[in-house]
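Raw contents of protein-v2.txt, compact mmCIF, C-alpha atoms:
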```txt
# COMPACT_ATOMS: atom_id res chain seq x y z
CA MET R 1 18.74 -54.30 246.61
CA ALA R 2 19.04 -50.63 247.66
CA GLU R 3 17.06 -48.10 245.67
CA GLN R 4 19.23 -46.06 243.33
CA LYS R 5 19.40 -42.39 244.28
CA ARG R 6 18.40 -39.69 241.86
CA ASP R 7 20.84 -37.00 240.81
CA TYR R 8 20.76 -34.20 243.41
CA TYR R 9 20.53 -31.47 240.76
CA GLU R 10 17.60 -33.30 239.21
CA VAL R 11 15.92 -33.61 242.62
CA LEU R 12 16.07 -29.84 243.18
CA GLY R 13 15.41 -29.03 239.53
CA VAL R 14 18.49 -26.85 239.07
CA ASP R 15 21.48 -26.86 236.72
CA LYS R 16 25.00 -27.70 237.84
CA SER R 17 25.90 -24.04 237.31
CA ALA R 18 23.24 -22.91 239.82
CA ASP R 19 24.57 -20.61 242.55
CA GLU R 20 23.86 -20.80 246.27
CA ALA R 21 20.79 -18.55 246.05
CA ALA R 22 19.20 -20.63 243.28
CA ILE R 23 19.82 -23.87 245.16
CA LYS R 24 18.32 -22.43 248.34
CA LYS R 25 15.27 -21.09 246.47
CA ALA R 26 14.65 -24.45 244.78
CA TYR R 27 14.85 -26.28 248.09
CA ARG R 28 12.58 -23.73 249.77
CA ASN R 29 9.83 -24.38 247.20
CA LEU R 30 10.10 -28.17 247.48
CA ALA R 31 10.25 -28.10 251.28
CA LYS R 32 7.10 -25.96 251.51
CA LYS R 33 5.31 -28.36 249.17
CA TYR R 34 6.34 -31.64 250.80
CA HIS R 35 6.93 -30.77 254.45
CA PRO R 36 5.37 -33.47 256.71
CA ASP R 37 3.51 -30.82 258.74
CA ALA R 38 1.74 -29.73 255.56
CA ASN R 39 1.11 -33.31 254.45
CA PRO R 40 0.23 -35.28 257.59
CA GLY R 41 0.25 -39.05 257.05
CA ASP R 42 1.50 -38.75 253.46
CA ALA R 43 4.47 -41.13 253.21
CA THR R 44 5.23 -40.10 249.61
CA ALA R 45 5.46 -36.43 250.54
CA GLU R 46 7.70 -37.25 253.50
CA LYS R 47 10.00 -39.26 251.24
CA LYS R 48 10.23 -36.41 248.72
CA PHE R 49 10.90 -33.93 251.53
CA LYS R 50 13.81 -36.01 252.83
CA GLU R 51 15.13 -36.52 249.29
CA ALA R 52 15.10 -32.77 248.65
CA SER R 53 16.65 -32.06 252.06
CA GLU R 54 19.45 -34.55 251.44
CA ALA R 55 20.17 -32.95 248.07
CA TYR R 56 20.21 -29.50 249.67
CA ALA R 57 22.48 -30.69 252.50
CA VAL R 58 25.10 -31.64 249.90
CA LEU R 59 24.71 -28.90 247.27
CA SER R 60 24.56 -26.07 249.83
CA ASP R 61 27.90 -27.15 251.34
CA PRO R 62 30.80 -26.06 249.06
CA GLU R 63 33.06 -28.98 250.07
CA LYS R 64 30.37 -31.65 249.75
CA LYS R 65 29.21 -30.10 246.46
CA ARG R 66 32.75 -30.25 245.08
CA GLN R 67 33.07 -33.92 246.07
CA TYR R 68 29.64 -34.75 244.62
CA ASP R 69 30.45 -33.00 241.32
CA GLN R 70 33.64 -35.07 241.07
CA PHE R 71 32.51 -38.48 242.34
CA GLY R 72 28.70 -38.44 242.39
CA HIS R 73 26.89 -40.37 245.12
CA SER R 74 29.95 -42.58 245.63
CA ALA R 75 31.68 -39.58 247.26
CA PHE R 76 29.69 -40.29 250.42
CA ASP R 77 29.79 -44.09 250.57
CA GLY R 78 33.49 -44.21 251.56
CA SER R 79 34.57 -45.99 248.35
CA THR R 80 36.38 -43.21 246.48
CA GLY R 81 38.98 -42.00 248.95
CA ALA R 82 37.48 -38.55 248.46
CA GLY R 83 36.99 -37.81 252.13
CA GLY R 84 35.04 -40.67 253.71
CA ALA R 85 31.47 -41.76 253.95
CA TYR R 86 28.70 -39.35 254.97
CA ASP R 87 25.71 -40.75 256.82
CA PHE R 88 22.40 -39.13 255.85
CA SER R 89 20.28 -41.61 257.77
CA GLY R 90 20.56 -39.75 261.06
CA MET R 91 20.06 -36.23 259.73
CA ASP R 92 17.32 -34.10 261.24
CA PHE R 93 15.99 -32.52 258.07
CA SER R 94 13.41 -30.59 260.05
CA GLU R 95 16.21 -28.64 261.73
CA MET R 96 17.70 -27.72 258.38
CA PHE R 97 14.25 -26.75 257.15
CA GLY R 98 13.88 -24.46 260.16
CA ASP R 99 17.13 -22.71 259.27
CA ILE R 100 15.55 -21.40 256.09
CA PHE R 101 11.93 -20.81 257.08
CA GLY R 102 11.76 -20.60 260.85
CA ASP R 103 9.09 -22.85 262.35
CA PHE R 104 5.73 -21.63 261.10
CA PHE R 105 3.76 -24.87 260.94
CA GLY R 106 1.52 -24.71 264.01
CA GLY R 107 3.73 -22.12 265.72
CA SER R 108 5.55 -24.86 267.64
CA ARG R 109 8.96 -24.32 269.17
CA ARG R 110 11.78 -25.89 267.22
CA SER R 111 15.48 -25.29 267.66
CA SER R 112 17.70 -24.15 264.82
CA SER R 113 20.72 -26.09 263.63
CA THR R 114 22.90 -24.04 265.94
CA SER R 115 22.43 -25.30 269.50
CA ALA R 116 24.14 -25.35 272.85
CA GLY R 117 25.02 -29.00 272.45
CA PRO R 118 28.43 -30.33 271.39
CA MET R 119 29.45 -29.12 267.95
CA LYS R 120 32.28 -30.39 265.79
CA GLY R 121 35.01 -27.89 265.00
CA ALA R 122 35.61 -26.37 261.59
CA ASN R 123 37.77 -28.08 259.00
CA LEU R 124 41.16 -26.70 257.98
CA ARG R 125 42.38 -26.75 254.39
CA THR R 126 45.91 -26.87 253.08
CA SER R 127 47.67 -28.14 249.97
CA ILE R 128 50.81 -30.04 249.02
CA ARG R 129 52.63 -30.59 245.74
CA VAL R 130 53.65 -34.02 244.49
CA THR R 131 55.32 -35.23 241.33
CA PHE R 132 53.53 -37.22 238.64
CA GLU R 133 55.19 -40.43 239.79
CA GLU R 134 54.42 -39.77 243.47
CA ALA R 135 50.74 -39.40 242.60
CA VAL R 136 50.83 -42.65 240.62
CA PHE R 137 52.52 -44.81 243.25
CA GLY R 138 51.71 -42.94 246.45
CA CYS R 139 54.10 -41.35 248.90
CA GLU R 140 54.43 -39.75 252.31
CA LYS R 141 54.69 -35.98 252.64
CA GLN R 142 55.20 -33.64 255.59
CA ILE R 143 52.95 -30.66 256.26
CA GLU R 144 53.21 -27.92 258.87
CA LEU R 145 50.01 -26.55 260.40
CA THR R 146 49.23 -23.92 262.97
CA ILE R 147 46.59 -25.51 265.17
CA LYS R 148 44.87 -24.56 268.41
CA GLU R 149 46.05 -26.43 271.49
CA THR R 150 44.50 -26.30 274.97
CA CYS R 151 45.98 -23.45 276.97
CA LYS R 152 48.12 -24.88 279.76
CA THR R 153 47.81 -21.75 281.88
CA CYS R 154 44.03 -21.98 282.31
CA ASN R 155 43.62 -25.65 281.30
CA GLY R 156 41.24 -24.57 278.57
CA SER R 157 38.76 -22.68 280.76
CA GLY R 158 39.71 -19.30 279.32
CA ALA R 159 39.59 -17.75 282.79
CA LYS R 160 42.55 -16.23 284.59
CA PRO R 161 44.10 -18.64 287.11
CA GLY R 162 42.26 -18.37 290.45
CA THR R 163 38.96 -17.39 288.76
CA SER R 164 36.21 -19.37 287.06
CA PRO R 165 33.71 -18.78 284.26
CA GLU R 166 30.31 -17.52 285.44
CA THR R 167 26.81 -18.42 284.29
CA CYS R 168 25.63 -16.29 281.37
CA THR R 169 22.88 -13.93 282.55
CA LYS R 170 21.31 -13.55 279.10
CA CYS R 171 20.50 -17.24 278.57
CA GLY R 172 20.67 -18.43 282.19
CA GLY R 173 23.36 -20.94 281.32
CA LYS R 174 21.26 -22.69 278.65
CA GLY R 175 23.36 -21.41 275.75
CA GLN R 176 20.19 -20.58 273.79
CA VAL R 177 17.72 -17.74 273.62
CA VAL R 178 14.13 -17.86 272.34
CA PHE R 179 12.49 -15.05 270.40
CA SER R 180 9.21 -14.73 268.53
CA GLN R 181 8.33 -12.92 265.34
CA GLN R 182 5.32 -12.55 263.10
CA SER R 183 5.17 -13.99 259.57
CA PHE R 184 2.43 -14.56 257.02
CA PHE R 185 2.06 -18.05 258.54
CA GLY R 186 1.54 -16.69 262.04
CA THR R 187 3.82 -16.40 265.06
CA VAL R 188 7.23 -17.93 264.59
CA ARG R 189 9.20 -18.96 267.67
CA ASN R 190 12.90 -19.43 267.05
CA VAL R 191 15.71 -20.75 269.18
CA GLN R 192 19.15 -19.32 268.55
CA THR R 193 22.58 -19.61 270.08
CA CYS R 194 23.07 -17.03 272.79
CA PRO R 195 25.02 -14.12 271.26
CA ASP R 196 26.72 -13.27 274.57
CA CYS R 197 28.22 -16.64 275.50
CA GLN R 198 28.23 -18.17 271.97
CA GLY R 199 26.27 -21.19 273.24
CA SER R 200 28.60 -22.14 276.08
CA GLY R 201 26.29 -20.91 278.83
CA LYS R 202 29.30 -19.36 280.56
CA MET R 203 30.81 -15.88 280.65
CA ILE R 204 34.42 -15.08 281.43
CA LYS R 205 35.02 -11.78 283.21
CA ASP R 206 38.72 -12.19 283.98
CA LYS R 207 40.26 -13.68 280.85
CA CYS R 208 43.47 -15.68 280.79
CA ASN R 209 46.35 -13.53 279.56
CA ASP R 210 47.88 -16.32 277.47
CA CYS R 211 44.83 -17.39 275.50
CA ARG R 212 42.76 -14.20 275.94
CA GLY R 213 39.77 -16.16 277.10
CA THR R 214 39.59 -18.60 274.20
CA GLY R 215 41.03 -21.56 276.10
CA TYR R 216 43.41 -22.28 273.21
CA VAL R 217 46.81 -21.08 272.02
CA PRO R 218 48.20 -21.44 268.47
CA MET R 219 51.01 -23.94 267.96
CA LYS R 220 52.90 -25.07 264.88
CA LYS R 221 53.03 -28.81 264.33
CA ARG R 222 54.30 -31.12 261.62
CA TYR R 223 52.32 -34.11 260.40
CA ALA R 224 53.01 -36.93 257.97
CA VAL R 225 50.45 -37.22 255.17
CA ASP R 226 50.00 -40.61 253.54
CA ILE R 227 49.23 -39.89 249.87
CA PRO R 228 47.42 -42.92 248.37
CA ALA R 229 48.53 -44.41 245.05
CA GLY R 230 46.38 -43.20 242.16
CA ILE R 231 45.33 -39.84 243.61
CA ASP R 232 44.67 -37.21 240.97
CA ASN R 233 45.24 -33.48 240.77
CA GLY R 234 42.78 -31.53 242.92
CA GLN R 235 41.64 -34.46 245.06
CA CYS R 236 41.83 -34.21 248.85
CA LYS R 237 43.28 -36.37 251.57
CA ARG R 238 41.28 -36.13 254.79
CA MET R 239 43.08 -36.18 258.16
CA PRO R 240 40.41 -36.61 260.86
CA GLY R 241 40.58 -34.80 264.18
CA LEU R 242 43.31 -32.29 263.35
CA GLY R 243 41.12 -29.29 262.54
CA GLU R 244 39.63 -26.54 264.70
CA PRO R 245 38.52 -27.47 268.24
CA GLY R 246 34.84 -28.20 268.74
CA THR R 247 32.56 -26.26 271.07
CA ASN R 248 30.83 -27.49 274.19
CA GLY R 249 32.80 -30.72 274.16
CA GLY R 250 32.44 -31.34 270.43
CA ALA R 251 35.10 -33.18 268.43
CA ARG R 252 37.77 -31.43 266.47
CA GLY R 253 37.24 -30.81 262.80
CA ASP R 254 39.36 -32.40 260.08
CA VAL R 255 42.25 -31.27 257.91
CA LEU R 256 41.64 -31.47 254.17
CA VAL R 257 44.88 -31.68 252.20
CA GLU R 258 44.45 -30.82 248.52
CA VAL R 259 46.95 -32.61 246.30
CA ILE R 260 48.50 -30.63 243.43
CA VAL R 261 50.18 -32.94 240.91
CA GLY R 262 53.06 -31.58 238.84
CA ARG R 263 53.19 -32.00 235.07
CA HIS R 264 55.31 -34.67 233.44
CA PRO R 265 57.47 -33.90 230.37
CA ILE R 266 56.38 -37.10 228.56
CA PHE R 267 53.20 -38.49 230.13
CA GLN R 268 49.66 -37.14 230.25
CA ARG R 269 47.00 -38.61 232.49
CA GLN R 270 43.28 -39.08 231.94
CA ASP R 271 41.44 -40.86 234.75
CA TYR R 272 43.59 -43.96 235.37
CA ASN R 273 45.13 -44.11 231.88
CA ILE R 274 48.44 -42.65 230.74
CA PHE R 275 49.19 -41.29 227.24
CA SER R 276 52.47 -40.59 225.48
CA THR R 277 53.99 -40.22 222.01
CA VAL R 278 57.01 -42.16 220.73
CA PRO R 279 58.88 -41.33 217.49
CA ILE R 280 59.97 -44.21 215.20
CA SER R 281 62.11 -44.21 212.08
CA PHE R 282 60.74 -44.80 208.59
CA ALA R 283 62.75 -48.01 208.35
CA VAL R 284 61.27 -49.43 211.53
CA ALA R 285 57.77 -48.41 210.45
CA ALA R 286 58.21 -50.06 207.04
CA LEU R 287 60.15 -53.18 208.02
CA GLY R 288 59.11 -53.62 211.63
CA GLY R 289 61.43 -53.76 214.59
CA GLU R 290 61.87 -53.04 218.27
CA VAL R 291 61.44 -49.65 219.92
CA VAL R 292 62.00 -48.61 223.53
CA ILE R 293 59.01 -47.03 225.29
CA ASP R 294 59.24 -45.13 228.59
CA THR R 295 56.55 -46.02 231.16
CA VAL R 296 56.05 -45.17 234.84
CA ASP R 297 57.42 -48.65 235.57
CA GLY R 298 60.57 -48.06 233.50
CA LYS R 299 61.55 -48.78 229.91
CA VAL R 300 59.84 -51.56 227.95
CA ILE R 301 60.59 -52.98 224.49
CA TYR R 302 57.74 -53.05 221.98
CA ASP R 303 57.72 -54.91 218.64
CA VAL R 304 56.50 -52.61 215.88
CA LYS R 305 54.71 -54.42 213.06
CA ALA R 306 55.92 -53.99 209.48
CA GLY R 307 53.91 -51.42 207.56
CA THR R 308 52.96 -49.39 210.64
CA GLN R 309 51.50 -46.01 209.71
CA THR R 310 52.14 -42.77 211.57
CA ASP R 311 49.77 -41.96 214.46
CA THR R 312 49.17 -45.67 215.10
CA LYS R 313 48.07 -46.17 218.71
CA VAL R 314 49.13 -49.16 220.80
CA ARG R 315 48.07 -50.18 224.31
CA LEU R 316 50.33 -51.33 227.10
CA LYS R 317 47.86 -53.11 229.35
CA GLY R 318 48.17 -52.51 233.08
CA LYS R 319 50.90 -49.89 232.73
CA GLY R 320 48.66 -47.01 233.79
CA VAL R 321 47.69 -45.54 237.17
CA PRO R 322 46.54 -47.69 240.12
CA THR R 323 42.93 -47.18 241.15
CA LEU R 324 42.16 -45.64 244.53
CA ARG R 325 39.97 -48.58 245.48
CA ASN R 326 42.59 -51.21 244.70
CA LYS R 327 46.18 -50.31 243.92
CA ASP R 328 46.67 -53.71 242.26
CA VAL R 329 44.11 -52.75 239.59
CA ARG R 330 45.63 -50.33 237.11
CA GLY R 331 44.68 -48.44 233.99
CA ASP R 332 46.53 -48.76 230.68
CA HIS R 333 49.25 -46.83 228.89
CA TYR R 334 48.37 -45.69 225.36
CA VAL R 335 51.25 -44.86 223.02
CA THR R 336 50.99 -42.98 219.72
CA LEU R 337 53.71 -44.04 217.24
CA VAL R 338 54.79 -41.16 215.01
CA ILE R 339 57.09 -41.67 212.02
CA GLU R 340 59.91 -39.19 212.29
CA THR R 341 61.15 -37.63 209.05
CA PRO R 342 64.87 -36.74 209.17
CA ASP R 343 65.68 -33.12 208.29
CA LYS R 344 69.41 -33.68 207.74
CA LEU R 345 70.63 -36.35 205.33
CA SER R 346 74.06 -37.13 203.95
CA HIS R 347 74.62 -37.24 200.19
CA GLU R 348 74.81 -41.02 200.31
CA ALA R 349 71.55 -41.25 202.26
CA LYS R 350 69.79 -39.02 199.74
CA GLU R 351 70.97 -41.14 196.83
CA LEU R 352 69.80 -44.32 198.56
CA LEU R 353 66.36 -42.78 199.18
CA ARG R 354 66.07 -41.75 195.51
CA LYS R 355 67.04 -45.25 194.44
CA PHE R 356 64.50 -46.70 196.88
CA ASP R 357 61.84 -44.44 195.44
CA GLU R 358 62.66 -45.62 191.92
CA ILE R 359 62.62 -49.33 192.61
CA SER R 360 59.56 -49.21 194.87
CA GLY R 361 57.25 -48.41 191.95
CA ASP R 362 54.95 -45.44 191.49
CA SER R 363 55.38 -43.19 194.49
CA LEU R 364 52.51 -41.43 196.13
CA ASN R 365 51.53 -38.15 194.49
CA ALA R 366 54.63 -38.30 192.24
CA ALA R 367 54.77 -35.64 189.53
CA LYS R 368 55.77 -38.05 186.71
CA ASN R 369 54.32 -37.97 183.23
CA VAL R 370 51.78 -35.38 184.27
CA THR R 371 50.80 -32.65 181.85
CA LYS R 372 50.59 -29.23 183.36
CA ASP R 373 47.31 -27.39 183.28
CA ASP R 374 46.97 -25.03 180.32
CA ASP R 375 46.50 -22.09 182.66
CA ASP R 376 49.83 -22.93 184.27
CA LYS R 377 51.50 -23.00 180.81
CA ASN R 378 50.01 -19.66 179.80
CA ASP R 379 50.96 -18.19 183.13
CA SER R 380 54.55 -19.34 182.59
CA LYS R 381 54.65 -17.73 179.11
CA ASP R 382 53.31 -14.47 180.50
CA LYS R 383 55.97 -14.41 183.18
CA LYS R 384 58.71 -14.99 180.60
CA LYS R 385 57.38 -12.11 178.50
CA LYS R 386 57.35 -9.80 181.50
CA GLY R 387 60.93 -10.71 182.35
CA PHE R 388 60.27 -12.74 185.47
CA TRP R 389 62.23 -15.66 184.06
CA LYS R 390 65.19 -15.65 181.72
```

If you convert what's in this file into structure tokens, what do you get?
Amino acid sequence: MAEQKRDYYEVLGVDKSADEAAIKKAYRNLAKKYHPDANPGDATAEKKFKEASEAYAVLSDPEKKRQYDQFGHSAFDGSTGAGGAYDFSGMDFSEMFGDIFGDFFGGSRRSSSTSAGPMKGANLRTSIRVTFEEAVFGCEKQIELTIKETCKTCNGSGAKPGTSPETCTKCGGKGQVVFSQQSFFGTVRNVQTCPDCQGSGKMIKDKCNDCRGTGYVPMKKRYAVDIPAGIDNGQCKRMPGLGEPGTNGGARGDVLVEVIVGRHPIFQRQDYNIFSTVPISFAVAALGGEVVIDTVDGKVIYDVKAGTQTDTKVRLKGKGVPTLRNKDVRGDHYVTLVIETPDKLSHEAKELLRKFDEISGDSLNAAKNVTKDDDDKNDSKDKKKKGFWK
């Protein structure tokens, strides 16, 4: 059985309200304490270092942090529909550690997280609006995006037709430059992406007029977005491979489509349950009877028990929202029955109500055979003397 992961905020020792600086500071302290280079052969320290690095990898990334705050660890196991699984097993935590500190343990050369190798492109974000019912049952929506497509004039090279990119003289075509600096730990040697060629190892002197040397041109495209049944307001639908182009042969990023769910005039949603209020007459509440209740599946008839009190709550099992994991598994619909008091009555109706009140016995809080308080009597006499009453 897999070991249960600790809460990432607990691992770093910070509150959920901690900002980026506080999260980075907390990780810095833990990484210095448990780094394998400072604890050679200590398996426990290595485990704690990786645990802290994994927590930092999530909480330092705004998108991953948002998903973790909403779904917890399940956000990265592919079970929530919140954006897909995230594999921590292959992460090089030492590289991430070097991003913050540089490499000061032993003065060895270690590359930063930015390298000349293939890098995935950035993600694009957009949003769409859906109705309450569309979010419950799922739907298909169209979005229009401006994306970067390979320039046909230069075939993506960025160079003017008839010319070619040249080797970068600053990095010698490696895409990286090495520099050293002194720290309180000694000499630190860092490897960074070449600032001249941006890691490509190539320089373009004569740029393509159409793409201006980028190798890409913007194009508007329409895509169909499959909105899963049960999605809630603020959740995202991930569309892989439609984001920004990668560098040095890296894959495209993704498109994250945030779903904004419109309000419903009758229903309110909480998790996978739906709530609503239905008025019933006094006669139905007292004698029992059938009432019609609106649900997302249509109208249903419910038998009200005799003697039902106002604010009585009933449950319609399985009439709620489908779960993201299994659309055949649904929440419930909770209905609050409220006795509606009529504000307009005919003379005949009033007489019948008075007669009902008489034959039903002592009414609640009825002012019959009750002696007024002496202060009330004296107050009444004083008002008569002063001419308030005649």

Around (18.0, -30.6, 238.4) in the file's own coordinates, what residues are found within 12 Å if you use all atoms listed in the file, given back as a list in words?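 Output: Arg6, Asp7, Tyr8, Tyr9, Glu10, Val11, Leu12, Gly13, Val14, Asp15, Lys16, Ser17, Ala18, Ala22, Ile23, Ala26, Tyr27, Ala52, Ala55, Tyr56 and Leu59 of chain R.
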
Any idea what's packed within 7 Å of Gly158 (chain R), counting only C-alpha atoms, ignoring anything in its chain fewer than 3 positions away? Could you give it as a ChimeraX atom specification? /R:154,207-208,211-215

Might you pull out every residue within 7 Å of Gly156 (chain R), with all atoms listed in the file counted and same-chain residues fewer than 5 positions away left off, and present them as a count of residues only? 4

Option closest in space to Asp311 (chain R), from R:Thr277, R:Ser60, R:Thr153, R:Gln70 [counting all atoms listed in the file]: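 With all atoms listed in the file as the atom set, the closest residue is R:Thr277.
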
Choose the residue, out of R:Asp294, R:Arg189, R:Asp61, R:Lys319, that has the smallest atom-to-atom separation from Lys24 (chain R); count only C-alpha atoms.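 For Lys24 (chain R), the nearest of the given residues is R:Asp61.
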
Write out as a PDB file with C-alpha atoms, in the frame of the given file which residues come within 8 Å of Ser276 (chain R) when counting all atoms listed in the file, dropping same-chain ones fewer than 3 positions away.
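The resulting out-v9.pdb:
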```pdb
ATOM      1  CA  ILE R 266      56.380 -37.100 228.560  1.00  0.00           C
ATOM      2  CA  PHE R 267      53.200 -38.490 230.130  1.00  0.00           C
ATOM      3  CA  GLN R 268      49.660 -37.140 230.250  1.00  0.00           C
ATOM      4  CA  HIS R 333      49.250 -46.830 228.890  1.00  0.00           C
ATOM      5  CA  TYR R 334      48.370 -45.690 225.360  1.00  0.00           C
ATOM      6  CA  VAL R 335      51.250 -44.860 223.020  1.00  0.00           C
ATOM      7  CA  THR R 336      50.990 -42.980 219.720  1.00  0.00           C
TER       8      THR R 336
END
```

Given the choices R:Glu149, R:Glu166, R:Glu133, R:Asp196, which gets closest to Ile227 (chain R) if the distance is worked out from all atoms listed in the file? R:Glu133

Selection: 12 Å around region 203-206 of chain R, all atoms listed in the file, excl. self and same-chain fewer than 6 positions, as a ChimeraX atom specification: /R:154,157-175,194-197,212-215

Just give me the gap between CA of Gly243 (chain R) and CA of Lys141 (chain R) in Å, one decimal is fine. 18.1 Å
